[in-house]
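Structure below is start27.cif: mmCIF, C-alpha atoms.
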```cif
data_entry
loop_
_atom_site.label_atom_id
_atom_site.label_comp_id
_atom_site.auth_asym_id
_atom_site.auth_seq_id
_atom_site.Cartn_x
_atom_site.Cartn_y
_atom_site.Cartn_z
CA MET A 691 0.00 0.00 0.00
CA LYS A 692 1.21 3.47 -0.85
CA PHE A 693 0.33 4.97 2.54
CA PRO A 694 1.55 2.92 5.51
CA ASN A 695 -0.20 5.13 8.09
CA LEU A 696 -3.50 4.53 6.32
CA ALA A 697 -2.88 0.78 6.29
CA TRP A 698 -2.12 0.82 10.00
CA ALA A 699 -5.20 2.91 10.84
CA ILE A 700 -7.44 0.57 8.85
CA SER A 701 -5.96 -2.48 10.57
CA GLN A 702 -6.73 -0.89 13.96
CA TRP A 703 -10.26 0.03 12.92
CA GLY A 704 -11.48 -3.42 11.94
CA PRO A 705 -12.47 -5.37 8.84
CA ARG A 706 -12.37 -3.45 5.58
CA TYR A 707 -15.93 -4.37 4.68
CA LYS A 708 -17.18 -2.60 7.81
CA LEU A 709 -15.17 0.51 6.97
CA ALA A 710 -16.58 0.46 3.44
CA ALA A 711 -20.12 0.10 4.83
CA THR A 712 -19.49 3.03 7.22
CA LEU A 713 -18.54 5.11 4.17
CA GLY A 714 -21.67 3.94 2.34
CA GLU A 715 -19.58 2.13 -0.26
CA SER A 716 -18.86 -1.45 -1.27
CA GLU A 717 -15.77 -3.35 -0.22
CA SER A 718 -14.64 -3.43 -3.86
CA TRP A 719 -14.91 0.39 -4.01
CA LEU A 720 -12.57 0.63 -1.04
CA SER A 721 -10.22 -2.08 -2.32
CA ARG A 722 -9.76 -0.38 -5.71
CA ARG A 723 -8.74 2.84 -4.00
CA LEU A 724 -6.45 1.24 -1.44
CA SER A 725 -4.68 -0.82 -4.11
CA GLY A 726 -4.12 2.24 -6.31
CA ARG A 727 -6.23 1.00 -9.23
CA VAL A 728 -8.45 4.05 -8.73
CA ALA A 729 -6.94 7.32 -7.51
CA LEU A 730 -8.14 8.68 -4.20
CA THR A 731 -9.83 12.05 -4.61
CA ASP A 732 -9.59 14.77 -1.99
CA SER A 733 -13.17 13.93 -1.04
CA ASP A 734 -12.26 10.22 -0.61
CA ARG A 735 -9.31 11.16 1.58
CA LYS A 736 -11.46 13.38 3.78
CA ARG A 737 -14.14 10.71 4.15
CA LEU A 738 -11.57 8.08 5.10
CA ALA A 739 -9.88 10.41 7.58
CA ASP A 740 -13.21 11.31 9.19
CA ALA A 741 -14.28 7.65 9.44
CA LEU A 742 -10.92 6.51 10.86
CA GLY A 743 -10.58 9.48 13.22
CA TYR A 744 -7.09 10.57 12.11
CA PRO A 745 -5.92 13.74 10.34
CA SER A 746 -5.84 13.37 6.56
CA GLY A 747 -2.32 14.82 6.41
CA TRP A 748 -1.01 12.08 8.69
CA LEU A 749 -2.90 9.23 6.99
CA PHE A 750 -1.68 10.16 3.53
CA GLN A 751 1.87 11.35 4.17
CA ALA A 752 4.59 9.82 2.03
CA PRO A 753 6.66 7.18 3.81
CA ALA A 754 10.13 8.27 4.88
CA PRO A 755 12.88 6.38 6.67
CA PRO A 756 13.65 7.42 10.23
CA GLU A 757 16.16 10.23 10.60
CA SER A 758 18.80 7.93 12.09
CA SER A 759 18.85 5.72 8.99
CA ARG A 760 19.38 8.56 6.51
CA LEU A 761 22.90 8.94 5.23
CA PRO A 762 24.61 12.27 4.53
CA LYS A 763 24.60 13.35 0.89
CA GLY A 764 27.21 11.43 -1.08
CA ALA A 765 27.65 8.71 1.56
CA SER A 766 26.89 5.06 0.99
CA ARG A 767 26.15 2.14 3.28
CA SER A 768 29.69 0.85 2.72
CA ASP A 769 31.00 4.03 4.41
CA GLU A 770 29.30 3.09 7.68
CA PRO A 771 31.36 1.35 10.36
CA ASN A 772 30.94 -2.40 10.46
CA PRO A 773 31.13 -3.63 14.05
CA ARG A 774 32.59 -7.11 14.39
CA LEU A 775 32.13 -9.66 17.06
CA THR A 776 35.08 -9.92 19.38
CA LYS A 777 36.29 -13.03 21.08
CA VAL A 778 35.77 -13.17 24.78
CA SER A 779 38.64 -14.79 26.60
CA PRO A 780 37.69 -17.38 29.25
#
```

Written form, structure tokens:
Amino acid sequence: MKFPNLAWAISQWGPRYKLAATLGESESWLSRRLSGRVALTDSDRKRLADALGYPSGWLFQAPAPPESSRLPKGASRSDEPNPRLTKVSP
């Protein structure tokens, strides 16, 4: 799914068919929008946000890695230190 916060909110809410019924739509209507086969309109986003009880901006924000996992510009994963296991003497 394109919007992980939306997926999480739906999973906390309950079965998708109940969410679709709350919106006055069919489960296939909801499925087509969640899968990306049909684009979500601003109206769809507002209805989903209202039904789920979360701000639309949060539900539909683009996923981003946590700050600690972002590398400085020009750096690569191979530049990161590679801790090694050390032998423990008995």

Selected residue, from A:Leu749, A:Ala699, A:Ala754, A:Leu738, that lies nearest to A:Leu720 when counting all atoms listed in the file: A:Leu738

Which residues come within 9 Å of A:Leu742, counting only C-alpha atoms, excluding same-chain residues fewer than 2 positions away, as a PyMOL selection string? chain A and resi 696+699-700+703+709+737-740+744-745

So what does the PyMOL selection byres ((chain A and resi 719) around 12) actually pick up in this one, as number ranges by chain? A: 706-707, 709-711, 713-718, 720-730, 734

Contacts of A:Ala752 at 10 Å (all atoms listed in the file; same-chain gap of 3+ positions) as a compact mmCIF listing (two decimals) with C-alpha atoms, in the frame of the given file:
```txt
# COMPACT_ATOMS: atom_id res chain seq x y z
CA LYS A 692 1.21 3.47 -0.85
CA PHE A 693 0.33 4.97 2.54
CA PRO A 694 1.55 2.92 5.51
CA ASN A 695 -0.20 5.13 8.09
CA GLY A 747 -2.32 14.82 6.41
CA TRP A 748 -1.01 12.08 8.69
CA LEU A 749 -2.90 9.23 6.99
```

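Distance-wise, atom CA of A:Pro753 and atom CA of A:Lys708 end up 26.1 Å apart.
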
Calculate, to one decimal in Å, the centre and edge lengths of the box along x, y and z of the file that holds all listed atoms of stretch 736-742 of chain A with 4 Å of margin on each side, and present them as JSON.
```
{"center_x": -12.1, "center_y": 9.9, "center_z": 7.3, "size_x": 12.4, "size_y": 14.9, "size_z": 15.1}
```
